[in-house]
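The next block holds one structure in the form of structure tokens; read it before the comments.
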Amino acid sequence: MKIKIGLLYGGKSAEHKVSMQTALAVTKAIDYEKFEIHPIYISEDGQWIKGPQLNSPAENVAALEFSSSALSLGTAGSSPAILNSNSEEERLDVIFPLLHGPNGEDGTVQGMLELLNLPYVGNGVLASAAGMDKVIMKNIFAQAGLNQVDYVSFIRSEWEKQQEVSYQQVETNIGYPCFVKPANLGSSVGISKCTNRSELEEAFKEAFQFDRKIIVEQGVTAREIEIGVLGNDEAECSVPGEIVPKKAFYDYKAKYEDGDTGLIIPAEISEAQYIELQELAKKAYKALDCSGLVRADFFLTAKGEFLINEVNTMPGFTPFSMFPLMWKHTGVEYPQLIERLVQLAIDRHEKKQ
Ligand code: ADP
Ligand code: MG
Ligand code: MG
């Protein structure tokens, strides 16, 4: 019997397009001798649309095409309820939520899948939710004793009432350069680097367009070293990778559109640093109670200190993304990586570990 994978992609978030690219790549990589793919597309306005079963790679995830035709035919269900099949035959074995950002990577979809009692790839509710909120995540890392940059956070309504006080708080506690980020987003959306007051004011406005909560962090000059973690209770690490941004920082365009950001894999760090990095990544994994996978991102300062920047609970997953490439260099090719993730999902569900 083939394993029926429900591939959940698109999504109601700023990272919709990235998810589309990834879904296409997964349909191309998967072994159709072992798996069936059941595409489930989530439109930008939040409609859930089931596509036809795939027994061979999709040409493009003109899932988009099928979705619009399905919509016009009025045959598609349009809510998450389409996953709740009562018939044994139609029941999917595992869901692969290839979703980034809010309403996908943040525990909401994971919570629904828990309620439906469906195994799913990647992190559970708690890790997904905590990993999506940069303030909560950093608070948990601080509690676990992981080193990181100084940060402060603001809520929009507070800032609206006392803007000057907010800016002064940043200048007193953080200083310039600093990074202003929406608390709940990824792919560098809404993030600005500021070197003076007027940039700070602009950056607050920009970030608050995406979220009611923002984080302001001390800016560091450092190498960006990342590492992949895979597993449930027992986690394994990949070789490290390094990002070499060609611009001021690794922004959305550099990540997904230019395609010319340098990825160095394996990153050139010493053996001792690699050992330390693995320990830190596993500590972060445990602190957030992760399962399945994460990409743990660090800054390596000139002094040789690792500061954790973030973990991504559903990292970029095209074959050219850092996470799959780091695993490839560790000896796990893209199709095997997908299989490992599916197996981890089933194991977690069955053994509850
Ligand atoms: P996202 O979740 O959107 O990837 P990040 O926090 O990783 O957000 O920030 C995106 C990029 O911005 C990082 O990869 C890095 O290049 C730069 N950056 C973010 N925070 C800092 C910081 N505190 N100091 C220096 N560079 C930073
Ligand atoms: Mg992120
Ligand atoms: Mg990042």
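We name chains A, B, ... following the order of the structure tokens; residues begin at 1 in each chain, and ligands are numbered from 1 as shown.
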
inquiry  = Please find the residues contacting ligand 1 at a distance of at most 9 Å between atoms, with only C-alpha atoms and all ligand atoms counted, and report them as a PyMOL selection string.
reply    = chain A and resi 101+132+134+148-151+177-193+216-224+243-245+247-252+297-299+309-312

All residues 12 Å or closer to A:Leu115, only C-alpha atoms, same chain fewer than 3 positions away omitted, as a PyMOL selection string = chain A and resi 80-81+83-84+108-112+118-120+125

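Minimum atom-to-atom distances from A:Asn123, A:Gln278, A:Ser157, A:Ser56 to A:Asp211 were compared using only C-alpha atoms, and the lowest value belongs to A:Ser157.
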
ask   = Between A:Asn147, A:Gln343, A:Asn103, A:Thr313, which is the closest to ligand 3 once you count only C-alpha atoms and all ligand atoms?
value = A:Thr313

task = Report as a ChimeraX atom specification: the residues of stretch 172-302 of chain A with a DSSP assignment of helix (DSSP H, G or I), based on the backbone of this structure.
result = /A:172-173,197-208,252-258,271-287

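You will find atom CA of A:Gln21 at 12.4 Å from atom CA of A:Tyr41.
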
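Coordinates place atom CA of A:Ile37 at a distance of 5.8 Å from atom CA of A:Gln53.
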
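Excluding A:Arg295 itself and any same-chain residue fewer than 6 positions from it, the protein and nucleic acid residues within 8 Å of it, counting only C-alpha atoms, are Glu226, Ile227, Gly228, Val229, Val311, Asn312, Thr313, Met314, Pro315 and Phe323 of chain A.
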
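The shortest atom-to-atom distance to A:Glu350, with only C-alpha atoms taken into account, belongs to A:Asp93 out of A:Asp133, A:Glu160, A:Asp93, A:Glu15.
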
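As for atom CA of A:Glu206 and atom CA of A:Gly175, they are spaced 18.9 Å apart.
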
key: Long-range neighbours of A:Leu98 as a count of residues only, 8 Å cut-off, only C-alpha atoms, 2 positions minimum in chain   = 11

Quick one: residues within 7 Å of stretch 344-349 of chain A, only C-alpha atoms counted, chain neighbours fewer than 5 positions away excluded, as a compact mmCIF listing (two decimals) with N, CA and C atoms, in the first residue's frame?
# COMPACT_ATOMS: atom_id res chain seq x y z
N PRO A 119 -1.58 12.28 11.46
CA PRO A 119 -0.13 12.53 11.61
C PRO A 119 0.30 13.65 10.66
N TYR A 120 1.25 14.44 11.07
CA TYR A 120 1.73 15.51 10.18
C TYR A 120 3.22 15.73 10.34
N VAL A 121 3.82 16.16 9.25
CA VAL A 121 5.27 16.41 9.23
C VAL A 121 5.58 17.70 10.00
N GLY A 122 6.66 17.61 10.76
CA GLY A 122 7.17 18.83 11.38
C GLY A 122 6.70 19.02 12.80
N GLY A 231 14.70 14.95 13.70
CA GLY A 231 14.46 13.92 14.70
C GLY A 231 13.26 14.23 15.56
N ASN A 232 12.94 13.28 16.44
CA ASN A 232 11.90 13.54 17.43
C ASN A 232 12.59 13.70 18.78
N GLY A 292 10.46 16.58 14.50
CA GLY A 292 10.50 16.61 13.04
C GLY A 292 11.77 17.28 12.56
